$ cat coords-v7.pdb   # PDB, C-alpha atoms, pLDDT in the B column
ATOM      1  CA  MET A   1     -10.597   6.397  23.020  1.00 37.00           C
ATOM      2  CA  THR A   2     -10.417   5.856  19.292  1.00 55.00           C
ATOM      3  CA  MET A   3      -7.555   3.889  17.798  1.00 57.00           C
ATOM      4  CA  ARG A   4      -6.835   3.286  14.131  1.00 64.00           C
ATOM      5  CA  LEU A   5      -3.989   1.346  12.584  1.00 59.00           C
ATOM      6  CA  SER A   6      -2.539   2.934   9.461  1.00 80.00           C
ATOM      7  CA  PRO A   7      -0.070   1.010   7.348  1.00 89.00           C
ATOM      8  CA  TYR A   8       2.928   3.057   6.228  1.00 86.00           C
ATOM      9  CA  LEU A   9       4.964   1.848   3.281  1.00 88.00           C
ATOM     10  CA  MET A  10       8.542   2.983   2.768  1.00 85.00           C
ATOM     11  CA  MET A  11       9.414   2.727  -0.917  1.00 89.00           C
ATOM     12  CA  ASN A  12      12.776   2.833  -2.700  1.00 87.00           C
ATOM     13  CA  GLY A  13      12.052   5.584  -5.211  1.00 90.00           C
ATOM     14  CA  ASN A  14       8.809   4.209  -6.649  1.00 91.00           C
ATOM     15  CA  ALA A  15       6.209   5.664  -4.255  1.00 94.00           C
ATOM     16  CA  LYS A  16       4.523   7.681  -7.039  1.00 96.00           C
ATOM     17  CA  GLU A  17       4.030   4.511  -9.079  1.00 96.00           C
ATOM     18  CA  ALA A  18       2.774   2.626  -6.008  1.00 95.00           C
ATOM     19  CA  ILE A  19       0.282   5.384  -5.183  1.00 97.00           C
ATOM     20  CA  GLN A  20      -1.151   5.293  -8.704  1.00 97.00           C
ATOM     21  CA  PHE A  21      -1.356   1.501  -8.566  1.00 97.00           C
ATOM     22  CA  TYR A  22      -3.205   1.453  -5.224  1.00 96.00           C
ATOM     23  CA  GLU A  23      -5.582   4.201  -6.339  1.00 96.00           C
ATOM     24  CA  LYS A  24      -6.738   1.799  -9.044  1.00 96.00           C
ATOM     25  CA  ALA A  25      -6.466  -1.509  -7.174  1.00 96.00           C
ATOM     26  CA  LEU A  26      -8.143  -0.370  -3.957  1.00 95.00           C
ATOM     27  CA  ASP A  27     -10.333   2.531  -5.158  1.00 95.00           C
ATOM     28  CA  ALA A  28      -8.141   4.761  -2.978  1.00 96.00           C
ATOM     29  CA  LYS A  29      -8.334   8.542  -2.871  1.00 97.00           C
ATOM     30  CA  VAL A  30      -5.175  10.640  -2.479  1.00 97.00           C
ATOM     31  CA  LEU A  31      -5.620  12.959   0.506  1.00 96.00           C
ATOM     32  CA  PHE A  32      -2.087  14.368   0.613  1.00 95.00           C
ATOM     33  CA  ASN A  33       1.074  14.039  -1.453  1.00 97.00           C
ATOM     34  CA  GLN A  34       4.241  16.065  -0.892  1.00 94.00           C
ATOM     35  CA  THR A  35       7.662  15.635  -2.460  1.00 95.00           C
ATOM     36  CA  PHE A  36      10.948  16.276  -0.697  1.00 91.00           C
ATOM     37  CA  GLY A  37      11.375  19.278  -3.014  1.00 92.00           C
ATOM     38  CA  GLU A  38       8.133  20.821  -1.725  1.00 92.00           C
ATOM     39  CA  MET A  39       9.280  20.680   1.893  1.00 86.00           C
ATOM     40  CA  PRO A  40      10.960  23.654   3.591  1.00 85.00           C
ATOM     41  CA  GLU A  41      14.725  23.595   3.086  1.00 82.00           C
ATOM     42  CA  ASN A  42      16.986  22.655   5.974  1.00 78.00           C
ATOM     43  CA  PRO A  43      20.564  23.959   5.574  1.00 83.00           C
ATOM     44  CA  GLU A  44      21.828  21.231   7.928  1.00 79.00           C
ATOM     45  CA  PHE A  45      20.515  18.573   5.554  1.00 77.00           C
ATOM     46  CA  PRO A  46      20.876  19.809   1.969  1.00 84.00           C
ATOM     47  CA  LEU A  47      18.560  18.094  -0.460  1.00 85.00           C
ATOM     48  CA  PRO A  48      20.233  16.257  -3.346  1.00 89.00           C
ATOM     49  CA  GLU A  49      18.789  17.175  -6.752  1.00 89.00           C
ATOM     50  CA  GLU A  50      17.730  13.549  -7.395  1.00 88.00           C
ATOM     51  CA  ALA A  51      15.544  13.585  -4.255  1.00 90.00           C
ATOM     52  CA  LYS A  52      13.390  16.603  -5.137  1.00 93.00           C
ATOM     53  CA  ASP A  53      10.723  14.601  -7.006  1.00 95.00           C
ATOM     54  CA  LEU A  54      10.595  11.714  -4.522  1.00 95.00           C
ATOM     55  CA  VAL A  55       7.578  11.384  -2.224  1.00 95.00           C
ATOM     56  CA  ALA A  56       8.304  12.701   1.273  1.00 91.00           C
ATOM     57  CA  HIS A  57       4.851  11.834   2.564  1.00 93.00           C
ATOM     58  CA  ALA A  58       1.550  10.808   1.020  1.00 94.00           C
ATOM     59  CA  MET A  59      -1.733   9.685   2.487  1.00 93.00           C
ATOM     60  CA  LEU A  60      -4.432   7.739   0.695  1.00 96.00           C
ATOM     61  CA  LYS A  61      -7.892   6.943   1.996  1.00 96.00           C
ATOM     62  CA  VAL A  62      -8.990   3.351   1.374  1.00 94.00           C
ATOM     63  CA  GLY A  63     -12.518   2.949   2.682  1.00 93.00           C
ATOM     64  CA  GLU A  64     -12.215   4.210   6.264  1.00 89.00           C
ATOM     65  CA  THR A  65      -8.451   3.572   6.561  1.00 89.00           C
ATOM     66  CA  ASP A  66      -5.498   5.887   6.027  1.00 89.00           C
ATOM     67  CA  PHE A  67      -2.713   4.353   3.929  1.00 90.00           C
ATOM     68  CA  MET A  68       0.592   6.253   4.048  1.00 88.00           C
ATOM     69  CA  PHE A  69       3.666   6.267   1.833  1.00 91.00           C
ATOM     70  CA  SER A  70       7.122   7.738   1.598  1.00 89.00           C
ATOM     71  CA  ASP A  71      10.194   7.182  -0.502  1.00 90.00           C
ATOM     72  CA  THR A  72      13.371   6.662   1.444  1.00 85.00           C
ATOM     73  CA  PHE A  73      15.732   9.607   1.474  1.00 78.00           C
ATOM     74  CA  PRO A  74      18.739   9.114  -0.846  1.00 73.00           C
ATOM     75  CA  GLY A  75      21.367   7.043   0.927  1.00 73.00           C
ATOM     76  CA  GLN A  76      18.784   5.192   3.000  1.00 73.00           C
ATOM     77  CA  THR A  77      17.175   1.915   1.979  1.00 70.00           C
ATOM     78  CA  SER A  78      13.974   0.070   2.714  1.00 70.00           C
ATOM     79  CA  GLN A  79      13.672  -3.693   2.471  1.00 67.00           C
ATOM     80  CA  SER A  80      10.857  -4.964   0.289  1.00 63.00           C
ATOM     81  CA  GLY A  81       9.076  -8.029   1.513  1.00 58.00           C
ATOM     82  CA  ASP A  82       6.728  -9.189   4.146  1.00 52.00           C
ATOM     83  CA  GLN A  83       7.709  -6.594   6.756  1.00 56.00           C
ATOM     84  CA  VAL A  84       4.274  -5.051   6.214  1.00 71.00           C
ATOM     85  CA  THR A  85       1.280  -7.309   5.814  1.00 73.00           C
ATOM     86  CA  ILE A  86      -2.101  -5.717   5.341  1.00 87.00           C
ATOM     87  CA  CYS A  87      -5.403  -7.486   5.852  1.00 79.00           C
ATOM     88  CA  ILE A  88      -8.190  -6.135   3.672  1.00 90.00           C
ATOM     89  CA  SER A  89     -11.650  -7.054   4.985  1.00 87.00           C
ATOM     90  CA  ILE A  90     -14.404  -6.884   2.380  1.00 89.00           C
ATOM     91  CA  ASN A  91     -18.067  -7.904   2.518  1.00 90.00           C
ATOM     92  CA  GLU A  92     -18.539  -8.593  -1.215  1.00 92.00           C
ATOM     93  CA  ILE A  93     -17.024 -11.626  -2.937  1.00 94.00           C
ATOM     94  CA  GLU A  94     -16.917  -9.932  -6.348  1.00 95.00           C
ATOM     95  CA  LYS A  95     -15.000  -6.960  -4.968  1.00 93.00           C
ATOM     96  CA  SER A  96     -12.611  -9.355  -3.194  1.00 94.00           C
ATOM     97  CA  LYS A  97     -11.985 -11.107  -6.509  1.00 96.00           C
ATOM     98  CA  ARG A  98     -11.346  -7.824  -8.349  1.00 95.00           C
ATOM     99  CA  ILE A  99      -8.927  -6.529  -5.714  1.00 95.00           C
ATOM    100  CA  PHE A 100      -7.113  -9.867  -5.491  1.00 97.00           C
ATOM    101  CA  GLU A 101      -6.733 -10.079  -9.270  1.00 97.00           C
ATOM    102  CA  THR A 102      -5.467  -6.488  -9.548  1.00 97.00           C
ATOM    103  CA  LEU A 103      -2.945  -6.923  -6.728  1.00 96.00           C
ATOM    104  CA  SER A 104      -1.777 -10.181  -8.361  1.00 97.00           C
ATOM    105  CA  GLN A 105      -0.710  -8.393 -11.560  1.00 97.00           C
ATOM    106  CA  GLY A 106       3.077  -8.563 -11.624  1.00 97.00           C
ATOM    107  CA  GLY A 107       3.068 -10.072  -8.140  1.00 96.00           C
ATOM    108  CA  GLU A 108       3.009 -13.513  -6.570  1.00 94.00           C
ATOM    109  CA  VAL A 109      -0.012 -15.420  -5.278  1.00 96.00           C
ATOM    110  CA  LYS A 110       0.890 -16.968  -1.920  1.00 92.00           C
ATOM    111  CA  MET A 111      -2.550 -18.555  -1.439  1.00 92.00           C
ATOM    112  CA  PRO A 112      -5.214 -18.480  -4.156  1.00 97.00           C
ATOM    113  CA  LEU A 113      -8.451 -16.689  -3.324  1.00 97.00           C
ATOM    114  CA  GLN A 114     -10.635 -19.563  -2.123  1.00 95.00           C
ATOM    115  CA  LYS A 115     -13.332 -20.610   0.313  1.00 92.00           C
ATOM    116  CA  ALA A 116     -12.032 -21.172   3.828  1.00 87.00           C
ATOM    117  CA  PHE A 117     -13.770 -22.251   7.022  1.00 80.00           C
ATOM    118  CA  PHE A 118     -13.660 -18.637   8.229  1.00 87.00           C
ATOM    119  CA  SER A 119     -14.392 -16.840   4.940  1.00 90.00           C
ATOM    120  CA  PRO A 120     -16.232 -17.404   1.658  1.00 95.00           C
ATOM    121  CA  ALA A 121     -13.189 -15.992  -0.176  1.00 95.00           C
ATOM    122  CA  TYR A 122      -9.735 -15.665   1.382  1.00 91.00           C
ATOM    123  CA  GLY A 123      -6.320 -15.400  -0.236  1.00 93.00           C
ATOM    124  CA  ILE A 124      -2.831 -14.017   0.183  1.00 90.00           C
ATOM    125  CA  VAL A 125      -0.919 -12.165  -2.517  1.00 93.00           C
ATOM    126  CA  THR A 126       2.372 -10.302  -2.617  1.00 90.00           C
ATOM    127  CA  ASP A 127       2.087  -7.463  -5.126  1.00 93.00           C
ATOM    128  CA  LYS A 128       4.725  -6.212  -7.547  1.00 94.00           C
ATOM    129  CA  PHE A 129       6.116  -3.874  -4.875  1.00 90.00           C
ATOM    130  CA  GLY A 130       6.779  -6.713  -2.423  1.00 86.00           C
ATOM    131  CA  VAL A 131       3.844  -5.864  -0.131  1.00 86.00           C
ATOM    132  CA  THR A 132       1.815  -8.814   1.139  1.00 86.00           C
ATOM    133  CA  PHE A 133      -1.978  -8.552   1.388  1.00 88.00           C
ATOM    134  CA  GLN A 134      -4.480 -10.904   2.971  1.00 85.00           C
ATOM    135  CA  ILE A 135      -7.866 -10.616   1.288  1.00 92.00           C
ATOM    136  CA  TYR A 136     -10.545 -11.586   3.807  1.00 89.00           C
ATOM    137  CA  THR A 137     -14.173 -11.666   2.696  1.00 91.00           C
ATOM    138  CA  GLU A 138     -16.742 -11.311   5.462  1.00 87.00           C
ATOM    139  CA  GLY A 139     -20.127 -12.936   5.187  1.00 75.00           C
ATOM    140  CA  GLU A 140     -21.693 -16.347   4.941  1.00 55.00           C
ATOM    141  CA  LYS A 141     -19.220 -19.147   5.441  1.00 42.00           C
TER     142      LYS A 141
END
$ encode --input "coords-v7.pdb" --output "structure tokens"
Amino acid sequence: MTMRLSPYLMMNGNAKEAIQFYEKALDAKVLFNQTFGEMPENPEFPLPEEAKDLVAHAMLKVGETDFMFSDTFPGQTSQSGDQVTICISINEIEKSKRIFETLSQGGEVKMPLQKAFFSPAYGIVTDKFGVTFQIYTEGEK
């Protein structure tokens, strides 16, 4: 049996911006992106005009991992914060530094990227969207 964990981020109207940010920060590739307006209409749940351009579902590929997004439907909310923590394992210190620095832009460093007993470069950062990442560098201790 194969099992894969895929983080899914629920955004409050800024999923498009987040997708563009993560494409750059994580060298992600967009595999799928559909707005609420592109979905088939359901007469039982009419779509408000302001929701048509919001992301209904998107999937990015980051390395071998699927990373999914959606905006909340108007009237619903999603709490930003540490409800989703994502550990990024990398085997190159320079790439760890670049990713950490990019995610730090407009965000908050919880633990600077530094040598730890279990990693040559480990840090924790909450990005500008309120998502917390652990950057774990594999390799020589």
$ closest_residue --input "coords-v7.pdb" --among "A:Gly123, A:Gly75, A:Gly63, A:Pro40" --to "Glu23 (chain A)" --atoms "all atoms listed in the file"
A:Gly63
$ residues_around --input "coords-v7.pdb" --residues "Ala121 (chain A)" --least-positions-apart "4" --cutoff "12 Å" --atoms "all atoms listed in the file" --output "PDB file with C-alpha atoms, in the coordinates of the input"
ATOM      1  CA  ILE A  88      -8.190  -6.135   3.672  1.00 90.00           C
ATOM      2  CA  SER A  89     -11.650  -7.054   4.985  1.00 87.00           C
ATOM      3  CA  ILE A  90     -14.404  -6.884   2.380  1.00 89.00           C
ATOM      4  CA  ASN A  91     -18.067  -7.904   2.518  1.00 90.00           C
ATOM      5  CA  GLU A  92     -18.539  -8.593  -1.215  1.00 92.00           C
ATOM      6  CA  ILE A  93     -17.024 -11.626  -2.937  1.00 94.00           C
ATOM      7  CA  GLU A  94     -16.917  -9.932  -6.348  1.00 95.00           C
ATOM      8  CA  LYS A  95     -15.000  -6.960  -4.968  1.00 93.00           C
ATOM      9  CA  SER A  96     -12.611  -9.355  -3.194  1.00 94.00           C
ATOM     10  CA  LYS A  97     -11.985 -11.107  -6.509  1.00 96.00           C
ATOM     11  CA  ARG A  98     -11.346  -7.824  -8.349  1.00 95.00           C
ATOM     12  CA  ILE A  99      -8.927  -6.529  -5.714  1.00 95.00           C
ATOM     13  CA  PHE A 100      -7.113  -9.867  -5.491  1.00 97.00           C
ATOM     14  CA  MET A 111      -2.550 -18.555  -1.439  1.00 92.00           C
ATOM     15  CA  PRO A 112      -5.214 -18.480  -4.156  1.00 97.00           C
ATOM     16  CA  LEU A 113      -8.451 -16.689  -3.324  1.00 97.00           C
ATOM     17  CA  GLN A 114     -10.635 -19.563  -2.123  1.00 95.00           C
ATOM     18  CA  LYS A 115     -13.332 -20.610   0.313  1.00 92.00           C
ATOM     19  CA  ALA A 116     -12.032 -21.172   3.828  1.00 87.00           C
ATOM     20  CA  PHE A 117     -13.770 -22.251   7.022  1.00 80.00           C
ATOM     21  CA  GLN A 134      -4.480 -10.904   2.971  1.00 85.00           C
ATOM     22  CA  ILE A 135      -7.866 -10.616   1.288  1.00 92.00           C
ATOM     23  CA  TYR A 136     -10.545 -11.586   3.807  1.00 89.00           C
ATOM     24  CA  THR A 137     -14.173 -11.666   2.696  1.00 91.00           C
ATOM     25  CA  GLU A 138     -16.742 -11.311   5.462  1.00 87.00           C
ATOM     26  CA  GLY A 139     -20.127 -12.936   5.187  1.00 75.00           C
ATOM     27  CA  GLU A 140     -21.693 -16.347   4.941  1.00 55.00           C
ATOM     28  CA  LYS A 141     -19.220 -19.147   5.441  1.00 42.00           C
TER      29      LYS A 141
END
$ atom_distance --input "coords-v7.pdb" --atom1 "CA of Glu101 (chain A)" --atom2 "CA of Lys16 (chain A)"
21.1 Å
$ resolve_selection --input "coords-v7.pdb" --expression "the PyMOL selection byres ((chain A and resi 9) around 8)" --output "number ranges by chain"
A: 7-8, 10-11, 68-70, 84
$ write_last_selection --input "coords-v7.pdb" --atoms "C-alpha atoms" --output "PDB file, keeping the file's coordinate frame"
ATOM      1  CA  PRO A   7      -0.070   1.010   7.348  1.00 89.00           C
ATOM      2  CA  TYR A   8       2.928   3.057   6.228  1.00 86.00           C
ATOM      3  CA  MET A  10       8.542   2.983   2.768  1.00 85.00           C
ATOM      4  CA  MET A  11       9.414   2.727  -0.917  1.00 89.00           C
ATOM      5  CA  MET A  68       0.592   6.253   4.048  1.00 88.00           C
ATOM      6  CA  PHE A  69       3.666   6.267   1.833  1.00 91.00           C
ATOM      7  CA  SER A  70       7.122   7.738   1.598  1.00 89.00           C
ATOM      8  CA  VAL A  84       4.274  -5.051   6.214  1.00 71.00           C
TER       9      VAL A  84
END
$ axis_aligned_box --input "coords-v7.pdb" --around "region 41-50 of chain A" --padding-each-side "5 Å" --output "JSON"
{"center_x": 18.3, "center_y": 18.8, "center_z": 0.3, "size_x": 17.1, "size_y": 20.4, "size_z": 25.3}
$ closest_residue --input "coords-v7.pdb" --among "A:Gly106, A:Pro120, A:Lys61, A:Phe133" --to "Asp27 (chain A)" --atoms "all atoms listed in the file"
A:Lys61
$ atom_distance --input "coords-v7.pdb" --atom1 "CA of Glu41 (chain A)" --atom2 "CA of Gln20 (chain A)"
26.9 Å
$ resolve_selection --input "coords-v7.pdb" --expression "the PyMOL selection byres ((chain A and resi 59) around 8)" --output "list in words"
Val30, Leu31, Phe32, Asn33, His57, Ala58, Leu60, Lys61, Asp66, Phe67, Met68 and Phe69 of chain A
$ atom_distance --input "coords-v7.pdb" --atom1 "CA of Gln76 (chain A)" --atom2 "CA of Gly107 (chain A)"
24.6 Å
$ closest_residue --input "coords-v7.pdb" --among "A:Leu103, A:Ala56, A:Ala25, A:Cys87" --to "Tyr122 (chain A)" --atoms "only C-alpha atoms"
A:Cys87
$ closest_residue --input "coords-v7.pdb" --among "A:Glu108, A:Asp53, A:Glu64, A:Glu38" --to "Ala15 (chain A)" --atoms "all atoms listed in the file"
A:Asp53
$ resolve_selection --input "coords-v7.pdb" --expression "the PyMOL selection byres ((chain A and resi 48) around 10)" --output "PyMOL selection string"
chain A and resi 36-37+45-47+49-52+73-74
$ closest_residue --input "coords-v7.pdb" --among "A:Lys110, A:Ser104, A:Thr72, A:Pro43" --to "Asp127 (chain A)" --atoms "all atoms listed in the file"
A:Ser104
$ closest_residue --input "coords-v7.pdb" --among "A:Asn42, A:Phe21, A:Ser78, A:Asn14" --to "Leu54 (chain A)" --atoms "only C-alpha atoms"
A:Asn14
$ build_atoms --input "coords-v7.pdb" --residues "region 20-50 of chain A" --atoms "N, CA and C atoms" --output "PDB file, in the frame of the given file"
ATOM      1  N   GLN A  20      -0.261   5.420  -7.541  1.00 97.00           N
ATOM      2  CA  GLN A  20      -1.151   5.293  -8.704  1.00 97.00           C
ATOM      3  C   GLN A  20      -1.730   3.881  -8.794  1.00 97.00           C
ATOM      4  N   PHE A  21      -0.913   2.891  -8.526  1.00 97.00           N
ATOM      5  CA  PHE A  21      -1.356   1.501  -8.566  1.00 97.00           C
ATOM      6  C   PHE A  21      -2.454   1.247  -7.532  1.00 97.00           C
ATOM      7  N   TYR A  22      -2.233   1.695  -6.283  1.00 96.00           N
ATOM      8  CA  TYR A  22      -3.205   1.453  -5.224  1.00 96.00           C
ATOM      9  C   TYR A  22      -4.472   2.283  -5.388  1.00 96.00           C
ATOM     10  N   GLU A  23      -4.368   3.441  -6.025  1.00 96.00           N
ATOM     11  CA  GLU A  23      -5.582   4.201  -6.339  1.00 96.00           C
ATOM     12  C   GLU A  23      -6.521   3.329  -7.168  1.00 96.00           C
ATOM     13  N   LYS A  24      -5.948   2.656  -8.150  1.00 96.00           N
ATOM     14  CA  LYS A  24      -6.738   1.799  -9.044  1.00 96.00           C
ATOM     15  C   LYS A  24      -7.153   0.498  -8.350  1.00 96.00           C
ATOM     16  N   ALA A  25      -6.202  -0.185  -7.747  1.00 96.00           N
ATOM     17  CA  ALA A  25      -6.466  -1.509  -7.174  1.00 96.00           C
ATOM     18  C   ALA A  25      -7.442  -1.463  -6.008  1.00 96.00           C
ATOM     19  N   LEU A  26      -7.355  -0.422  -5.183  1.00 95.00           N
ATOM     20  CA  LEU A  26      -8.143  -0.370  -3.957  1.00 95.00           C
ATOM     21  C   LEU A  26      -9.186   0.740  -3.947  1.00 95.00           C
ATOM     22  N   ASP A  27      -9.420   1.386  -5.089  1.00 95.00           N
ATOM     23  CA  ASP A  27     -10.333   2.531  -5.158  1.00 95.00           C
ATOM     24  C   ASP A  27      -9.946   3.588  -4.123  1.00 95.00           C
ATOM     25  N   ALA A  28      -8.648   3.811  -3.966  1.00 96.00           N
ATOM     26  CA  ALA A  28      -8.141   4.761  -2.978  1.00 96.00           C
ATOM     27  C   ALA A  28      -8.241   6.189  -3.499  1.00 96.00           C
ATOM     28  N   LYS A  29      -8.316   7.111  -2.556  1.00 97.00           N
ATOM     29  CA  LYS A  29      -8.334   8.542  -2.871  1.00 97.00           C
ATOM     30  C   LYS A  29      -7.106   9.180  -2.230  1.00 97.00           C
ATOM     31  N   VAL A  30      -6.352   9.956  -3.014  1.00 97.00           N
ATOM     32  CA  VAL A  30      -5.175  10.640  -2.479  1.00 97.00           C
ATOM     33  C   VAL A  30      -5.644  11.836  -1.656  1.00 97.00           C
ATOM     34  N   LEU A  31      -5.273  11.853  -0.379  1.00 96.00           N
ATOM     35  CA  LEU A  31      -5.620  12.959   0.506  1.00 96.00           C
ATOM     36  C   LEU A  31      -4.488  13.980   0.588  1.00 96.00           C
ATOM     37  N   PHE A  32      -3.251  13.503   0.453  1.00 95.00           N
ATOM     38  CA  PHE A  32      -2.087  14.368   0.613  1.00 95.00           C
ATOM     39  C   PHE A  32      -0.911  13.727  -0.103  1.00 95.00           C
ATOM     40  N   ASN A  33      -0.123  14.547  -0.775  1.00 97.00           N
ATOM     41  CA  ASN A  33       1.074  14.039  -1.453  1.00 97.00           C
ATOM     42  C   ASN A  33       2.072  15.182  -1.563  1.00 97.00           C
ATOM     43  N   GLN A  34       3.215  15.028  -0.904  1.00 94.00           N
ATOM     44  CA  GLN A  34       4.241  16.065  -0.892  1.00 94.00           C
ATOM     45  C   GLN A  34       5.589  15.455  -1.225  1.00 94.00           C
ATOM     46  N   THR A  35       6.315  16.104  -2.114  1.00 95.00           N
ATOM     47  CA  THR A  35       7.662  15.635  -2.460  1.00 95.00           C
ATOM     48  C   THR A  35       8.681  16.259  -1.506  1.00 95.00           C
ATOM     49  N   PHE A  36       9.874  15.696  -1.498  1.00 91.00           N
ATOM     50  CA  PHE A  36      10.948  16.276  -0.697  1.00 91.00           C
ATOM     51  C   PHE A  36      11.238  17.709  -1.160  1.00 91.00           C
ATOM     52  N   GLY A  37      11.122  17.952  -2.463  1.00 92.00           N
ATOM     53  CA  GLY A  37      11.375  19.278  -3.014  1.00 92.00           C
ATOM     54  C   GLY A  37      10.362  20.323  -2.581  1.00 92.00           C
ATOM     55  N   GLU A  38       9.176  19.899  -2.176  1.00 92.00           N
ATOM     56  CA  GLU A  38       8.133  20.821  -1.725  1.00 92.00           C
ATOM     57  C   GLU A  38       8.236  21.141  -0.233  1.00 92.00           C
ATOM     58  N   MET A  39       9.105  20.444   0.466  1.00 86.00           N
ATOM     59  CA  MET A  39       9.280  20.680   1.893  1.00 86.00           C
ATOM     60  C   MET A  39      10.174  21.891   2.122  1.00 86.00           C
ATOM     61  N   PRO A  40      10.048  22.538   3.279  1.00 85.00           N
ATOM     62  CA  PRO A  40      10.960  23.654   3.591  1.00 85.00           C
ATOM     63  C   PRO A  40      12.405  23.164   3.634  1.00 85.00           C
ATOM     64  N   GLU A  41      13.310  23.978   3.121  1.00 82.00           N
ATOM     65  CA  GLU A  41      14.725  23.595   3.086  1.00 82.00           C
ATOM     66  C   GLU A  41      15.333  23.636   4.477  1.00 82.00           C
ATOM     67  N   ASN A  42      16.242  22.698   4.722  1.00 78.00           N
ATOM     68  CA  ASN A  42      16.986  22.655   5.974  1.00 78.00           C
ATOM     69  C   ASN A  42      18.463  22.712   5.628  1.00 78.00           C
ATOM     70  N   PRO A  43      19.145  23.827   5.944  1.00 83.00           N
ATOM     71  CA  PRO A  43      20.564  23.959   5.574  1.00 83.00           C
ATOM     72  C   PRO A  43      21.463  22.881   6.192  1.00 83.00           C
ATOM     73  N   GLU A  44      21.035  22.290   7.301  1.00 79.00           N
ATOM     74  CA  GLU A  44      21.828  21.231   7.928  1.00 79.00           C
ATOM     75  C   GLU A  44      21.757  19.927   7.140  1.00 79.00           C
ATOM     76  N   PHE A  45      20.702  19.768   6.364  1.00 77.00           N
ATOM     77  CA  PHE A  45      20.515  18.573   5.554  1.00 77.00           C
ATOM     78  C   PHE A  45      20.155  18.986   4.131  1.00 77.00           C
ATOM     79  N   PRO A  46      21.165  19.374   3.337  1.00 84.00           N
ATOM     80  CA  PRO A  46      20.876  19.809   1.969  1.00 84.00           C
ATOM     81  C   PRO A  46      20.242  18.672   1.151  1.00 84.00           C
ATOM     82  N   LEU A  47      19.309  19.055   0.332  1.00 85.00           N
ATOM     83  CA  LEU A  47      18.560  18.094  -0.460  1.00 85.00           C
ATOM     84  C   LEU A  47      19.259  17.834  -1.787  1.00 85.00           C
ATOM     85  N   PRO A  48      19.637  16.571  -2.045  1.00 89.00           N
ATOM     86  CA  PRO A  48      20.233  16.257  -3.346  1.00 89.00           C
ATOM     87  C   PRO A  48      19.210  16.471  -4.461  1.00 89.00           C
ATOM     88  N   GLU A  49      19.663  16.897  -5.612  1.00 89.00           N
ATOM     89  CA  GLU A  49      18.789  17.175  -6.752  1.00 89.00           C
ATOM     90  C   GLU A  49      17.911  15.957  -7.088  1.00 89.00           C
ATOM     91  N   GLU A  50      18.478  14.753  -7.020  1.00 88.00           N
ATOM     92  CA  GLU A  50      17.730  13.549  -7.395  1.00 88.00           C
ATOM     93  C   GLU A  50      16.614  13.206  -6.409  1.00 88.00           C
TER      94      GLU A  50
END
